[in-house]
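Asker: After the structure tokens below, expect a handful of questions from me.
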Amino acid sequence: MEPSAVRIAPDDHGLLYGAGGFETFRTFGGKCFLLDKHRERLMRTLAPLCIEKINTLMFAEPGGIESAVKELLAAEGFDDAVFRYTVSAGSGGFGLPRAAYGEPWDMLSVRRLPAPPPEGGVPLRVLETRRDSGEQPVRGKSLAYLNSLLGWRELQGSGMEPGGQGLMLNARGEVCEAVTSNIFWVKDGVLFTPSVETGLLPGVHRAHLLELAPPVGIEVRESCWPLQTLCEADAIGLINAATGPVAVSNLSDESGQVLWRRNAIEPDAFSRMVNAYRASLPT
């Protein structure tokens, strides 16, 4: 259906309070990639919301999302695309609810694949907007997305060139994640990434990359890292479901002063990780 045909109830608690979650994923050769992992994370996001009748939604039906994906690809004439699957708790009256939600609804939407990143990588700028601690002990991908939106608006007003990304530190000043991507880096052949204790969203593709590293001989270290650690990296990358791993060309601070630049020769460990990721894609 056309977006203009969609109607949301005025007492929908996804709209009023952010009571819901979503997942973004893409296809390769018409096949959904890591969909089961996205489904698992969505379930963790929705679990505390007391939503009944989840079994009526697309992701609860065997092959439900896959069937809808094929229908949307055919309708748009796309070979592959990026999809967003949204679940809202639904109508709950005005005011915070006393009972469980009984009218959840879901929606699958499609958009074109993003343009390939520049060969030299994408620029990354530290933002003044700090990543909040999230609504749950481990951040879920909820509909309460204001923190990321504020970071995105700051990035758009910073004069950053198109395609640039914004790096969000947490309240303690530790490296957390980019606005819409997780961050990782290589130093002396070791893969580093912030831990969930920083408040990041534990990305599905971040987890996939961390699983791929040890089999190709790369040690993984997760912890809370100061910004200076990132400035000492041999290579920096970003990863999300739409783009996969993307190299960073340079890192600048909030004022635009460059703190780090990509090495002319990419570290072997970084190349091995990216190649392992690409080899894992559906064919």
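Labels for the structure tokens follow display order: chains A, B, ..., residues from 1 in each chain, ligands from 1.
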Counting only C-alpha atoms, what is within 12 Å of A:Val6, bar same-chain residues fewer than 4 positions away, as a list in words?
Answerer: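 Surrounding residues, per the criterion: Met1, Glu2, Trp105, Asp106, Met107, Leu108 and Ser109 of chain A.
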Asker: Determine, counting only C-alpha atoms, which protein, DNA and RNA residues have an atom within 9 Å of an atom of A:Phe184; residues of the same chain fewer than 2 positions away are not included. Present the result as a list of chain:residue names.
Answerer: A:Glu177, A:Asn182, A:Val186, A:Leu191, A:Phe192, A:Thr193, A:Pro194, A:Arg206, A:Leu230, A:Ala235, A:Ile236, A:Gly237, A:Leu238, A:Ile239
Asker: May I ask which of the residues A:Ser142, A:Ser223, A:Ser148, A:Gln136 is the closest one to A:Val175, counting only C-alpha atoms?
Answerer: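 Nearest to A:Val175: A:Ser223.
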Asker: Mind running stretch 196-269 of chain A against stretch 19-41 of chain A at 8 Å and telling me each contacting residue's nearest atom pair with the distance in Å (one decimal), counting only C-alpha atoms, chain and number ascending, as CSV?
Answerer:
residue,atom,partner,partner_atom,distance
A:Val204,CA,A:Lys37,CA,6.4
A:Ala241,CA,A:Phe25,CA,5.3
A:Ala242,CA,A:Arg26,CA,6.0
Asker: Write out as a list in words the residues lying within 9 Å of A:Asn250, counting only C-alpha atoms and excluding same-chain residues fewer than 5 positions away.
Answerer: Gly121, Val122, Pro123, Leu124, Arg125, Ile236, Val258, Leu259, Trp260, Arg261 and Arg262 of chain A
Asker: Write a file of the just-selected residues containing N, CA and C atoms, as a compact mmCIF listing (two decimals), in the first residue's frame.
Answerer:
# COMPACT_ATOMS: atom_id res chain seq x y z
N GLY A 121 36.85 5.63 1.97
CA GLY A 121 36.19 5.56 3.27
C GLY A 121 35.35 6.78 3.55
N VAL A 122 34.64 6.77 4.67
CA VAL A 122 33.75 7.86 5.05
C VAL A 122 34.34 8.65 6.22
N PRO A 123 34.17 9.97 6.23
CA PRO A 123 34.65 10.76 7.37
C PRO A 123 33.76 10.57 8.59
N LEU A 124 34.36 10.68 9.77
CA LEU A 124 33.66 10.49 11.03
C LEU A 124 33.98 11.67 11.94
N ARG A 125 32.93 12.25 12.54
CA ARG A 125 33.12 13.43 13.39
C ARG A 125 32.51 13.19 14.76
N ILE A 236 39.92 2.09 11.25
CA ILE A 236 38.63 2.25 11.92
C ILE A 236 37.54 1.90 10.93
N VAL A 258 41.06 17.51 12.69
CA VAL A 258 41.32 16.10 12.40
C VAL A 258 42.18 15.49 13.50
N LEU A 259 41.72 14.36 14.03
CA LEU A 259 42.43 13.64 15.08
C LEU A 259 43.14 12.40 14.57
N TRP A 260 42.66 11.86 13.43
CA TRP A 260 43.20 10.60 12.91
C TRP A 260 42.89 10.53 11.42
N ARG A 261 43.84 9.93 10.66
CA ARG A 261 43.62 9.69 9.24
C ARG A 261 43.91 8.23 8.89
N ARG A 262 43.20 7.76 7.90
CA ARG A 262 43.36 6.37 7.46
C ARG A 262 44.75 6.15 6.87
